[in-house]
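Structure file upload_20.cif with mmCIF, C-alpha atoms and all ligand atoms:
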data_coords
loop_
_atom_site.label_atom_id
_atom_site.label_comp_id
_atom_site.auth_asym_id
_atom_site.auth_seq_id
_atom_site.Cartn_x
_atom_site.Cartn_y
_atom_site.Cartn_z
CA MET B 1 -12.38 56.39 -167.15
CA ARG B 2 -14.72 58.61 -165.15
CA ILE B 3 -13.93 62.28 -165.46
CA VAL B 4 -15.45 65.73 -165.21
CA LEU B 5 -14.40 68.61 -167.48
CA ILE B 6 -14.57 71.96 -165.72
CA GLY B 7 -14.30 75.21 -167.64
CA ALA B 8 -16.02 78.51 -168.30
CA PRO B 9 -18.41 78.77 -171.26
CA GLY B 10 -16.29 78.83 -174.42
CA SER B 11 -13.30 77.10 -172.82
CA GLY B 12 -13.60 74.23 -175.34
CA LYS B 13 -15.07 71.55 -173.05
CA GLY B 14 -17.47 70.39 -175.76
CA THR B 15 -14.81 70.25 -178.48
CA GLN B 16 -12.37 68.31 -176.29
CA ALA B 17 -15.08 66.01 -174.93
CA LYS B 18 -15.97 64.97 -178.49
CA LYS B 19 -12.31 64.18 -179.25
CA LEU B 20 -11.99 62.18 -176.02
CA VAL B 21 -15.12 60.20 -176.90
CA SER B 22 -13.64 59.01 -180.18
CA HIS B 23 -10.23 58.33 -178.59
CA TYR B 24 -11.34 56.45 -175.47
CA GLY B 25 -14.74 55.16 -176.58
CA VAL B 26 -16.63 56.40 -173.51
CA PRO B 27 -19.78 58.59 -173.76
CA GLN B 28 -19.86 62.35 -173.31
CA ILE B 29 -22.65 63.54 -171.03
CA SER B 30 -23.33 67.22 -171.56
CA THR B 31 -26.12 68.71 -169.45
CA GLY B 32 -26.19 71.70 -171.81
CA ASP B 33 -26.86 69.39 -174.81
CA LEU B 34 -29.46 67.40 -172.88
CA LEU B 35 -31.23 70.61 -171.83
CA ARG B 36 -31.13 72.06 -175.35
CA ALA B 37 -32.63 68.83 -176.71
CA ALA B 38 -35.40 69.03 -174.10
CA VAL B 39 -36.08 72.67 -175.03
CA ALA B 40 -36.20 71.81 -178.75
CA ALA B 41 -38.58 68.91 -178.08
CA GLU B 42 -40.69 71.23 -175.90
CA THR B 43 -40.89 68.66 -173.09
CA PRO B 44 -42.22 69.91 -169.70
CA LEU B 45 -38.62 69.84 -168.42
CA GLY B 46 -37.42 71.80 -171.45
CA LEU B 47 -40.14 74.42 -171.04
CA GLN B 48 -39.16 74.79 -167.38
CA ALA B 49 -35.46 75.15 -168.22
CA LYS B 50 -35.77 77.54 -171.19
CA ALA B 51 -36.19 80.84 -169.30
CA ALA B 52 -33.10 80.24 -167.13
CA MET B 53 -31.02 79.18 -170.13
CA ASP B 54 -32.06 82.21 -172.21
CA ALA B 55 -31.04 84.47 -169.33
CA GLY B 56 -27.66 82.75 -168.92
CA GLN B 57 -28.64 81.51 -165.43
CA LEU B 58 -28.30 77.99 -164.07
CA VAL B 59 -31.28 75.67 -164.39
CA SER B 60 -32.55 74.29 -161.07
CA ASP B 61 -30.33 71.61 -159.49
CA GLN B 62 -33.25 69.18 -159.22
CA ILE B 63 -33.94 69.23 -162.98
CA VAL B 64 -30.28 68.68 -163.83
CA LEU B 65 -29.74 65.96 -161.20
CA ASP B 66 -32.82 64.01 -162.37
CA MET B 67 -31.51 64.21 -165.89
CA ILE B 68 -28.03 62.98 -164.87
CA GLU B 69 -29.41 60.13 -162.77
CA GLU B 70 -31.48 58.93 -165.72
CA ARG B 71 -28.50 59.15 -168.09
CA MET B 72 -26.13 57.36 -165.66
CA ALA B 73 -28.52 54.42 -165.56
CA GLU B 74 -27.86 53.71 -169.26
CA PRO B 75 -25.50 50.78 -169.93
CA ASP B 76 -22.94 52.71 -172.00
CA THR B 77 -21.83 54.60 -168.86
CA LYS B 78 -20.52 51.33 -167.33
CA LYS B 79 -17.26 51.64 -169.25
CA GLY B 80 -16.90 55.25 -168.10
CA PHE B 81 -18.02 58.78 -168.97
CA ILE B 82 -16.92 62.32 -169.62
CA LEU B 83 -19.13 64.83 -167.83
CA ASP B 84 -19.24 68.15 -169.68
CA GLY B 85 -20.93 71.13 -168.01
CA PHE B 86 -21.89 69.13 -164.93
CA PRO B 87 -21.51 69.68 -162.00
CA ARG B 88 -21.90 73.47 -162.16
CA ASN B 89 -21.95 74.18 -158.40
CA ILE B 90 -21.00 72.58 -155.06
CA PRO B 91 -24.43 71.04 -154.30
CA GLN B 92 -24.41 69.35 -157.73
CA ALA B 93 -20.86 68.03 -157.10
CA GLN B 94 -21.92 66.61 -153.72
CA ALA B 95 -24.98 64.98 -155.27
CA LEU B 96 -22.81 63.48 -158.01
CA ASP B 97 -20.35 62.04 -155.46
CA ALA B 98 -23.22 60.45 -153.57
CA MET B 99 -24.73 59.03 -156.77
CA LEU B 100 -21.41 57.53 -157.96
CA ASP B 101 -20.60 56.13 -154.51
CA LYS B 102 -23.92 54.31 -154.59
CA LEU B 103 -23.05 52.89 -158.00
CA GLY B 104 -19.56 51.95 -156.76
CA ARG B 105 -17.97 53.94 -159.58
CA PRO B 106 -16.34 57.02 -158.02
CA LEU B 107 -15.02 59.95 -160.02
CA GLU B 108 -11.35 59.69 -161.02
CA ALA B 109 -10.51 63.24 -162.04
CA ALA B 110 -11.89 66.75 -162.48
CA ILE B 111 -9.89 68.49 -165.20
CA LEU B 112 -10.04 72.27 -165.53
CA ILE B 113 -9.61 73.75 -169.03
CA ASP B 114 -8.18 77.13 -168.14
CA VAL B 115 -8.79 80.08 -170.52
CA ASP B 116 -8.55 83.90 -170.16
CA PHE B 117 -11.86 85.78 -170.03
CA ASP B 118 -11.07 88.02 -173.05
CA LEU B 119 -10.42 85.00 -175.21
CA LEU B 120 -13.58 83.35 -173.88
CA ILE B 121 -15.76 86.25 -175.04
CA GLN B 122 -14.25 86.12 -178.54
CA ARG B 123 -14.67 82.35 -178.68
CA ILE B 124 -18.31 82.41 -177.57
CA ALA B 125 -19.32 85.26 -179.89
CA GLY B 126 -17.79 83.46 -182.89
CA ARG B 127 -19.03 79.99 -181.96
CA ARG B 128 -21.08 78.12 -184.59
CA THR B 129 -22.35 74.54 -184.39
CA CYS B 130 -23.51 72.24 -187.19
CA SER B 131 -27.20 71.52 -186.70
CA SER B 132 -26.77 68.08 -188.33
CA CYS B 133 -23.54 66.53 -187.00
CA GLY B 134 -22.65 68.83 -184.06
CA GLN B 135 -19.25 69.79 -185.53
CA MET B 136 -18.09 73.06 -183.95
CA TYR B 137 -16.54 76.10 -185.68
CA ASN B 138 -15.46 79.59 -184.72
CA THR B 139 -15.85 82.43 -187.19
CA TYR B 140 -12.63 84.04 -185.80
CA THR B 141 -10.34 81.13 -185.11
CA SER B 142 -11.58 78.10 -187.09
CA PRO B 143 -14.12 79.24 -189.70
CA PRO B 144 -15.84 76.80 -192.07
CA LYS B 145 -14.69 76.74 -195.71
CA MET B 146 -18.14 77.92 -196.86
CA ASP B 147 -19.94 80.55 -194.86
CA GLY B 148 -22.70 79.01 -192.73
CA LEU B 149 -22.14 75.43 -193.95
CA CYS B 150 -20.46 72.50 -192.19
CA ASP B 151 -17.21 71.24 -193.79
CA VAL B 152 -17.92 67.71 -192.63
CA CYS B 153 -21.55 67.08 -193.65
CA GLY B 154 -22.66 70.29 -195.40
CA GLY B 155 -25.30 70.93 -192.69
CA ARG B 156 -26.38 74.42 -191.69
CA LEU B 157 -24.34 76.09 -188.94
CA HIS B 158 -26.26 77.79 -186.18
CA HIS B 159 -25.43 80.32 -183.51
CA ARG B 160 -26.68 79.30 -180.07
CA ALA B 161 -29.44 81.57 -178.76
CA ASP B 162 -27.54 82.10 -175.49
CA ASP B 163 -24.25 82.96 -177.26
CA ASN B 164 -25.06 86.68 -177.45
CA GLU B 165 -23.13 89.53 -175.76
CA ASP B 166 -25.62 90.07 -172.88
CA THR B 167 -26.02 86.40 -171.98
CA ILE B 168 -22.28 85.72 -172.31
CA THR B 169 -21.42 88.24 -169.58
CA ASN B 170 -24.06 86.74 -167.34
CA ARG B 171 -22.86 83.19 -167.95
CA LEU B 172 -19.27 84.16 -167.15
CA ARG B 173 -20.42 85.84 -163.94
CA VAL B 174 -22.37 82.71 -162.97
CA TYR B 175 -19.28 80.59 -163.71
CA GLU B 176 -17.06 82.72 -161.47
CA ALA B 177 -19.54 82.72 -158.59
CA GLN B 178 -20.83 79.15 -158.68
CA THR B 179 -18.66 76.84 -160.80
CA ALA B 180 -15.10 78.06 -160.12
CA PRO B 181 -15.33 77.00 -156.42
CA LEU B 182 -15.44 73.39 -157.68
CA ILE B 183 -11.69 73.64 -158.32
CA ASP B 184 -11.03 73.78 -154.55
CA TYR B 185 -13.69 71.14 -153.92
CA TYR B 186 -11.89 68.61 -156.12
CA LYS B 187 -8.45 69.77 -154.96
CA ALA B 188 -9.45 68.74 -151.46
CA GLN B 189 -10.25 65.27 -152.81
CA GLY B 190 -6.90 65.10 -154.65
CA LYS B 191 -8.69 64.73 -158.00
CA GLN B 192 -8.10 68.16 -159.48
CA TYR B 193 -5.99 68.63 -162.64
CA SER B 194 -5.74 71.49 -165.09
CA VAL B 195 -4.64 72.19 -168.67
CA ASP B 196 -3.94 75.46 -170.46
CA GLY B 197 -6.94 75.87 -172.75
CA SER B 198 -5.70 78.86 -174.75
CA GLY B 199 -3.55 76.97 -177.25
CA ASP B 200 -4.09 74.75 -180.22
CA ILE B 201 -6.97 72.20 -180.03
CA GLU B 202 -4.61 69.26 -180.64
CA GLN B 203 -2.12 70.44 -178.00
CA ILE B 204 -4.88 70.77 -175.40
CA PHE B 205 -6.17 67.33 -176.36
CA GLN B 206 -2.69 65.86 -175.88
CA GLN B 207 -2.44 67.42 -172.41
CA LEU B 208 -5.81 65.89 -171.50
CA CYS B 209 -4.76 62.45 -172.80
CA ASP B 210 -1.53 62.61 -170.76
CA ILE B 211 -3.52 63.28 -167.59
CA ILE B 212 -6.11 60.60 -168.33
CA ASP B 213 -3.47 58.00 -169.24
CA SER B 214 -1.67 58.67 -165.96
CA LEU B 215 -4.76 58.05 -163.81
CA PRO B 216 -4.41 54.99 -161.56
CA GLY B 217 -6.67 52.12 -162.51
CA ASN B 218 -7.65 53.58 -165.83
CA SER B 219 -7.98 50.54 -168.01
CA SER B 220 -9.27 52.33 -171.07
CA LYS B 221 -5.99 54.21 -171.41
CA LYS B 222 -4.20 51.05 -172.43
CA SER B 223 -4.03 51.15 -176.15
CA ALA B 224 -3.59 48.06 -178.29
CA GLU B 225 0.03 49.07 -178.75
CA GLN B 226 0.64 49.14 -174.98
CA ALA B 227 -1.06 45.76 -174.58
CA ALA B 228 1.10 44.30 -177.34
CA ARG B 229 4.22 45.68 -175.65
CA LEU B 230 3.13 44.07 -172.35
CA GLU B 231 2.61 40.79 -174.12
CA GLN B 232 6.12 40.93 -175.59
CA THR B 233 7.63 41.64 -172.15
CA ILE B 234 5.86 38.60 -170.69
CA GLN B 235 7.16 36.39 -173.48
CA GLU B 236 10.71 37.66 -172.95
CA MET B 237 10.51 37.03 -169.19
CA MET B 238 9.29 33.50 -169.81
CA ALA B 239 12.09 32.82 -172.22
CA ARG B 240 14.62 34.09 -169.68
CA THR B 241 13.15 31.86 -166.91
CA GLU B 242 13.46 28.88 -169.23
CA THR B 243 17.17 29.50 -169.96
CA LYS B 244 17.97 30.07 -166.28
CA SER B 245 16.29 26.84 -165.17
CA THR B 246 18.24 24.60 -167.60
CA PRO B 247 21.64 24.43 -165.72
CA ALA B 248 19.86 23.70 -162.42
CA THR B 249 18.16 20.76 -164.07
CA GLN B 250 21.53 19.34 -165.04
CA ALA B 251 23.17 19.87 -161.59
CA THR B 252 20.59 18.01 -159.45
CA PRO B 253 19.03 15.19 -161.40
CA VAL B 254 16.68 13.98 -158.53
CA ALA B 255 15.09 17.30 -157.98
CA ASN B 256 15.15 17.82 -161.70
CA LYS B 257 12.04 15.83 -162.52
CA GLU B 258 9.99 17.78 -159.99
CA THR B 259 11.46 21.11 -161.14
CA ARG B 260 10.86 20.14 -164.74
CA THR B 261 7.25 19.19 -163.99
CA MET B 262 6.80 22.43 -162.06
CA THR B 263 8.38 24.44 -164.86
CA ALA B 264 6.29 22.67 -167.45
CA LYS B 265 3.14 23.27 -165.41
CA LYS B 266 4.09 26.89 -164.87
CA LYS B 267 4.93 27.29 -168.53
CA LYS B 268 1.62 25.76 -169.57
CA ALA B 269 -0.33 28.04 -167.22
CA ALA B 270 1.66 31.07 -168.31
CA SER B 271 1.21 30.30 -171.97
CA LYS B 272 -2.53 29.71 -171.39
CA LYS B 273 -2.69 33.06 -169.63
CA ALA B 274 -0.70 34.73 -172.39
CA ALA B 275 -2.93 33.19 -175.03
CA ALA B 276 -6.00 34.46 -173.20
CA ARG B 277 -4.43 37.89 -172.91
CA LYS B 278 -3.45 37.78 -176.55
CA SER B 279 -6.98 36.86 -177.56
CA VAL B 280 -8.43 39.73 -175.49
CA THR B 281 -5.89 42.14 -177.00
CA LYS B 282 -6.66 40.84 -180.46
CA LYS B 283 -10.39 41.21 -179.89
CA LYS B 284 -9.85 44.73 -178.57
CA THR B 285 -7.66 45.64 -181.52
CA VAL B 286 -10.16 44.22 -184.01
CA LYS B 287 -12.98 46.10 -182.30
CA LYS B 288 -10.95 49.31 -182.25
CA THR B 289 -9.91 48.92 -185.90
CA ALA B 290 -13.52 48.28 -186.89
CA ALA B 291 -14.65 51.37 -184.97
CA LYS B 292 -11.86 53.40 -186.55
CA LYS B 293 -12.80 52.10 -190.00
CA LYS B 294 -16.43 53.01 -189.33
CA VAL B 295 -15.42 56.55 -188.32
CA VAL B 296 -13.20 56.91 -191.40
CA LYS B 297 -16.01 55.60 -193.61
CA LYS B 298 -18.51 57.97 -191.99
CA LYS B 299 -16.12 60.89 -192.38
CA ALA B 300 -15.50 60.01 -196.05
CA ALA B 301 -19.24 59.78 -196.70
CA ALA B 302 -19.80 63.11 -195.00
CA LYS B 303 -16.97 64.65 -197.01
CA LYS B 304 -18.44 63.25 -200.22
CA ALA B 305 -21.86 64.63 -199.32
CA ALA B 306 -20.33 68.01 -198.53
CA THR B 307 -18.46 68.07 -201.85
CA LYS B 308 -21.63 67.07 -203.70
CA LYS B 309 -23.59 69.78 -201.94
CA LYS B 310 -20.86 72.31 -202.66
CA ALA B 311 -20.90 71.38 -206.36
CA ALA B 312 -24.69 71.65 -206.46
CA VAL B 313 -24.57 75.08 -204.83
CA LYS B 314 -21.87 76.17 -207.32
CA LYS B 315 -23.89 74.84 -210.27
CA LYS B 316 -27.03 76.58 -209.05
CA ALA B 317 -25.10 79.84 -208.69
CA ALA B 318 -23.68 79.48 -212.23
CA VAL B 319 -27.15 78.80 -213.69
CA LYS B 320 -28.53 81.79 -211.80
CA LYS B 321 -25.67 83.96 -213.10
CA LYS B 322 -26.24 82.78 -216.68
CA ALA B 323 -29.97 83.45 -216.45
CA ALA B 324 -29.31 86.91 -215.04
CA ALA B 325 -26.82 87.65 -217.86
CA LYS B 326 -29.35 86.45 -220.46
CA LYS B 327 -32.07 88.60 -218.93
CA LYS B 328 -29.71 91.56 -218.96
CA ALA B 329 -28.80 90.96 -222.62
CA VAL B 330 -32.48 90.70 -223.61
CA LYS B 331 -33.19 93.90 -221.72
CA LYS B 332 -30.24 95.61 -223.44
CA THR B 333 -31.40 94.48 -226.91
CA ALA B 334 -34.93 95.71 -226.17
CA ALA B 335 -33.56 99.07 -225.03
CA LYS B 336 -31.39 99.29 -228.16
CA LYS B 337 -34.39 98.49 -230.37
CA LYS B 338 -36.44 101.14 -228.59
CA VAL B 339 -33.74 103.76 -229.12
CA ALA B 340 -33.40 102.81 -232.82
CA LYS B 341 -37.20 103.02 -233.28
CA LYS B 342 -37.26 106.41 -231.62
CA LYS B 343 -34.41 107.61 -233.83
CA ALA B 344 -36.17 106.36 -236.99
CA ALA B 345 -39.38 108.13 -235.97
CA VAL B 346 -37.49 111.38 -235.39
CA LYS B 347 -35.74 110.99 -238.76
CA LYS B 348 -39.05 110.33 -240.54
CA LYS B 349 -40.66 113.34 -238.91
CA ALA B 350 -37.74 115.52 -239.95
CA ALA B 351 -37.96 114.25 -243.54
CA VAL B 352 -41.70 114.95 -243.68
CA LYS B 353 -41.11 118.41 -242.29
CA LYS B 354 -38.35 119.07 -244.81
CA LYS B 355 -40.55 117.89 -247.69
CA ALA B 356 -43.37 120.15 -246.55
CA ALA B 357 -40.99 123.08 -246.31
CA VAL B 358 -39.68 122.47 -249.87
CA LYS B 359 -43.25 122.18 -251.17
CA LYS B 360 -44.16 125.43 -249.47
CA LYS B 361 -41.09 127.13 -250.88
CA VAL B 362 -41.88 125.92 -254.42
CA ALA B 363 -45.48 127.06 -254.09
CA ALA B 364 -44.32 130.44 -252.82
CA LYS B 365 -41.88 130.74 -255.73
CA LYS B 366 -44.59 129.82 -258.22
CA LYS B 367 -46.92 132.36 -256.69
CA ALA B 368 -44.21 135.01 -256.89
CA VAL B 369 -43.50 134.23 -260.56
CA LYS B 370 -47.23 134.34 -261.30
CA LYS B 371 -47.57 137.66 -259.50
CA LYS B 372 -44.59 139.07 -261.36
CA ALA B 373 -46.05 137.97 -264.70
CA ALA B 374 -49.41 139.53 -263.87
CA ALA B 375 -47.74 142.75 -262.88
CA LYS B 376 -45.71 142.75 -266.09
CA LYS B 377 -48.87 142.16 -268.12
CA LYS B 378 -50.68 144.93 -266.34
CA ALA B 379 -47.82 147.30 -266.90
CA ALA B 380 -47.68 146.40 -270.57
CA SER B 381 -51.40 146.87 -271.02
CA LYS B 382 -51.18 150.22 -269.27
CA LYS B 383 -48.48 151.33 -271.71
CA LYS B 384 -50.59 150.24 -274.74
CA ALA B 385 -53.79 152.10 -273.64
CA PRO B 386 -52.93 155.77 -274.81
CA ALA B 387 -51.87 154.56 -278.27
CA LYS B 388 -55.05 152.54 -278.58
CA LYS B 389 -57.03 155.62 -277.46
CA LYS B 390 -55.19 157.74 -280.04
CA ALA B 391 -55.90 155.18 -282.76
CA VAL B 392 -59.56 155.04 -281.79
CA SER B 393 -59.89 158.83 -281.82
CA LYS B 394 -57.99 158.95 -285.16
CA LYS B 395 -60.36 156.35 -286.55
CA LYS B 396 -63.27 158.42 -285.23
CA ALA B 397 -61.91 161.60 -286.90
CA VAL B 398 -61.44 159.80 -290.26
CA LYS B 399 -65.01 158.47 -290.03
CA LYS B 400 -66.32 161.99 -289.24
CA LYS B 401 -64.43 163.48 -292.15
CA THR B 402 -65.80 160.86 -294.53
CA THR B 403 -69.33 161.47 -293.33
CA THR B 404 -68.98 165.22 -293.81
CA ARG B 405 -67.67 164.83 -297.35
CA LYS B 406 -70.53 162.53 -298.27
CA LYS B 407 -73.04 165.14 -297.06
CA ARG B 408 -71.60 167.68 -299.35
P1 LIG B 501 -23.62 74.78 -171.69
O1 LIG B 501 -23.95 74.24 -173.04
O2 LIG B 501 -22.95 73.80 -170.85
O3 LIG B 501 -22.91 76.10 -171.76
O4 LIG B 501 -25.04 75.07 -170.97
C1 LIG B 501 -25.99 75.95 -171.49
C2 LIG B 501 -26.97 76.37 -170.44
O5 LIG B 501 -27.64 75.23 -169.91
C3 LIG B 501 -26.36 77.03 -169.23
O6 LIG B 501 -26.15 78.42 -169.40
C4 LIG B 501 -27.38 76.75 -168.16
O7 LIG B 501 -28.48 77.61 -168.28
C5 LIG B 501 -27.86 75.33 -168.52
N1 LIG B 501 -27.05 74.29 -167.83
C6 LIG B 501 -26.21 73.41 -168.41
N2 LIG B 501 -25.67 72.60 -167.50
C7 LIG B 501 -26.17 72.96 -166.31
C8 LIG B 501 -26.00 72.51 -165.00
N3 LIG B 501 -25.17 71.51 -164.70
N4 LIG B 501 -26.68 73.14 -164.02
C9 LIG B 501 -27.52 74.14 -164.29
N5 LIG B 501 -27.75 74.62 -165.51
C10 LIG B 501 -27.07 74.04 -166.52
#

I need this file expressed as structure tokens, please.
Amino acid sequence: MRIVLIGAPGSGKGTQAKKLVSHYGVPQISTGDLLRAAVAAETPLGLQAKAAMDAGQLVSDQIVLDMIEERMAEPDTKKGFILDGFPRNIPQAQALDAMLDKLGRPLEAAILIDVDFDLLIQRIAGRRTCSSCGQMYNTYTSPPKMDGLCDVCGGRLHHRADDNEDTITNRLRVYEAQTAPLIDYYKAQGKQYSVDGSGDIEQIFQQLCDIIDSLPGNSSKKSAEQAARLEQTIQEMMARTETKSTPATQATPVANKETRTMTAKKKKAASKKAAARKSVTKKKTVKKTAAKKKVVKKKAAAKKAATKKKAAVKKKAAVKKKAAAKKKAVKKTAAKKKVAKKKAAVKKKAAVKKKAAVKKKVAAKKKAVKKKAAAKKKAASKKKAPAKKKAVSKKKAVKKKTTTRKKR
């Protein structure tokens, strides 16, 4: 299976390519992924490509073609490939044809994933990719269960640098001008197919599988089930041949021996062939089952890791919440204590003040009583004074009288 996926940015080429890889077991070759890896590794090629990528422009054909040639030389491409994001213009498509012709492995189909521009903009703006396992999400249409974290492996989701409003418009313009003409290029070769890319991911995938399975000479489309069905048909045909040949054997005994030998020989060869086919099918099935088991195991492990991570995050949040509540309670108690202290101080002050006032009042009362007593005394002594004076003068007169009498 040797195919090219054509589609505007955000049409879902990457998502579908990944599904096709696990279904057909052929590698996905994405020039966008290869370029991003080169940029991240800061290789000379990556540094050269970065400016064009950031601006939403195409990287030079030479860089991309060198990259593709190198990748095509790897052994895993012998069983086929899914090209995603390459070719992006007519010169690249011509160079690819020449390269594949040289390798004797021509392209079988160029499948367009057709999506409306409005939907594309929404898809690109919401696109998020797991930085660990590459799983793709869309914040609008297929968001992760936990914001910013991958459902599969718990890795961090990132937003591609070139998935911003300005660059998106530029990339769509570049697609219209340079990549869309590839549709006519492959139509002229009779290799162009298209699927409606606006529906459900599984429906689109099914459409792609139908096209791929219908390609002439596509051996990888034959599933184990199909091979088993083929095997059964062969067995049935052989059984029918055997029954038909029996009456002929009885009718002409001379020719019979020869026919019988021929039939036996044929039967032996056919059963040998069938056994060989059966063994290949069995091997394929075992291999496929093992691969499937491996994927299931990997998925389960990733799910387990994600659950574990989720639980850890939840626990951490609960501990944080508890600590915050404790801190708040301590703060509240301290504030309460402060208020109580303040209240006690105010109360004490008021009591002291009250005591002082009572003391003052008592002192004032005492003073007033004292003053009143003094005044009373004074008044009494004032009243006594004339009588005293009278008594004194009377005493004086008596004394004088006595003195006078004595003199006589
Ligand atoms: P993609 O991930 O396919 O959308 O590619 C991201 C960016 O990589 C594009 O906007 C281009 O700048 C660059 N790029 C990817 N593939 C090609 C290509 N075949 N030819 C030129 N530039 C490419």

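Remark: for ligand LIG 501 (chain B), the closest of the candidate residues B:Ala41, B:Leu103, B:Val195, B:Val174 is B:Val174 (distances computed over only C-alpha atoms and all ligand atoms).
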
Surrounding residues of Cys130 (chain B) excluding itself and chain neighbours under 3 positions, 9 Å, all atoms listed in the file, as a ChimeraX atom specification: /B:133-137,148-150,153-158

Please return the centre and edge lengths, in Å to one decimal, of a box with edges along x, y and z that contains all listed atoms of ligand LIG 501 (chain B), widened by 5 Å on every side, as AutoDock Vina command-line options.
--center_x -25.7 --center_y 75.0 --center_z -168.5 --size_x 15.6 --size_y 16.9 --size_z 19.0

task: Do a neighbour search on Gln122 (chain B) at 12 Å with all atoms listed in the file, toss out local chain neighbours closer than 5 positions, and write the hits as a ChimeraX atom specification.
output: /B:9-11,115-117,127,138-141,163-165,168-169,198

At a cut-off of 7 Å, can you tabulate as a tab-separated table every residue of chain B near ligand LIG 501 (chain B) together with its closest atom pair and the distance in Å to one decimal, using only C-alpha atoms and all ligand atoms and ordering rows by chain then number?
residue	atom	partner	partner_atom	distance
B:Pro9	CA	B:LIG501	O3	5.3
B:Ser30	CA	B:LIG501	O2	6.6
B:Thr31	CA	B:LIG501	N2	4.4
B:Gly32	CA	B:LIG501	O1	3.6
B:Asp33	CA	B:LIG501	O1	5.9
B:Leu35	CA	B:LIG501	O5	6.2
B:Ala52	CA	B:LIG501	O7	5.4
B:Met53	CA	B:LIG501	O7	3.5
B:Gly56	CA	B:LIG501	O6	4.6
B:Gln57	CA	B:LIG501	O7	4.8
B:Leu58	CA	B:LIG501	N5	3.7
B:Val59	CA	B:LIG501	N5	3.8
B:Ser60	CA	B:LIG501	C9	6.0
B:Asp61	CA	B:LIG501	N4	6.0
B:Val64	CA	B:LIG501	N4	5.7
B:Asp84	CA	B:LIG501	O2	6.9
B:Gly85	CA	B:LIG501	O2	4.4
B:Phe86	CA	B:LIG501	N3	4.1
B:Pro87	CA	B:LIG501	N3	4.9
B:Arg88	CA	B:LIG501	N3	4.6
B:Arg171	CA	B:LIG501	O6	6.0

query: Hey, can you check how far CA of Gly126 (chain B) sits from CA of Asp162 (chain B)?
result: 12.3 Å

Using only C-alpha atoms: which of B:Ala375, B:Ile90, B:Leu83, B:Ala306 has the shortest distance to Ala180 (chain B):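 The closest residue to Ala180 (chain B) is B:Ile90.
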
- request: Kindly provide, as a list of chain:residue names, the polymer residues lying within 8 Å of (-13.4, 65.4, -164.6), counting all atoms listed in the file and using the coordinates exactly as they appear in the file.
  value: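 Output: B:Arg2, B:Ile3, B:Val4, B:Leu5, B:Ile6, B:Ile82, B:Leu83, B:Leu107, B:Glu108, B:Ala109, B:Ala110, B:Ile111, B:Leu112, B:Gln192.
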
query: Can you tell me how far CA of Ala8 (chain B) sits from CA of Glu176 (chain B), in Å to one decimal?
result: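 Result for CA of Ala8 (chain B) versus CA of Glu176 (chain B): 8.1 Å, one decimal.
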
Residue nearest Asp166 (chain B) among B:Ile121, B:Lys297, B:Lys336, B:Leu20 (counting all atoms listed in the file):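 Comparing B:Ile121, B:Lys297, B:Lys336, B:Leu20 against Asp166 (chain B), the winner is B:Ile121.
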
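When CA of Asp54 (chain B) is paired with CA of His159 (chain B), their separation reads 13.2 Å.
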
message: Counting all atoms listed in the file, which residue out of B:Ile29, B:Leu215, B:Leu208, B:Ala357 sits closest to Met1 (chain B)?
response: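 Answer, going by the shortest atom-to-atom distance: B:Leu215.
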
- prompt: For Gln206 (chain B), which residue out of B:Gln48, B:Asn89, B:Gln16, B:Thr402 is the nearest one, using only C-alpha atoms?
  reply: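 Among the listed residues, the smallest separation from Gln206 (chain B) belongs to B:Gln16.
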
- request: Counting only C-alpha atoms, write as a list in words all protein and nucleic acid residues lying at most 12 Å from (-24.7, 52.4, -164.9) in the file's frame.
  value: Arg2, Pro27, Ile68, Glu69, Glu70, Arg71, Met72, Ala73, Glu74, Pro75, Asp76, Thr77, Lys78, Lys79, Gly80, Phe81, Met99, Leu100, Asp101, Lys102, Leu103, Gly104, Arg105 and Pro106 of chain B
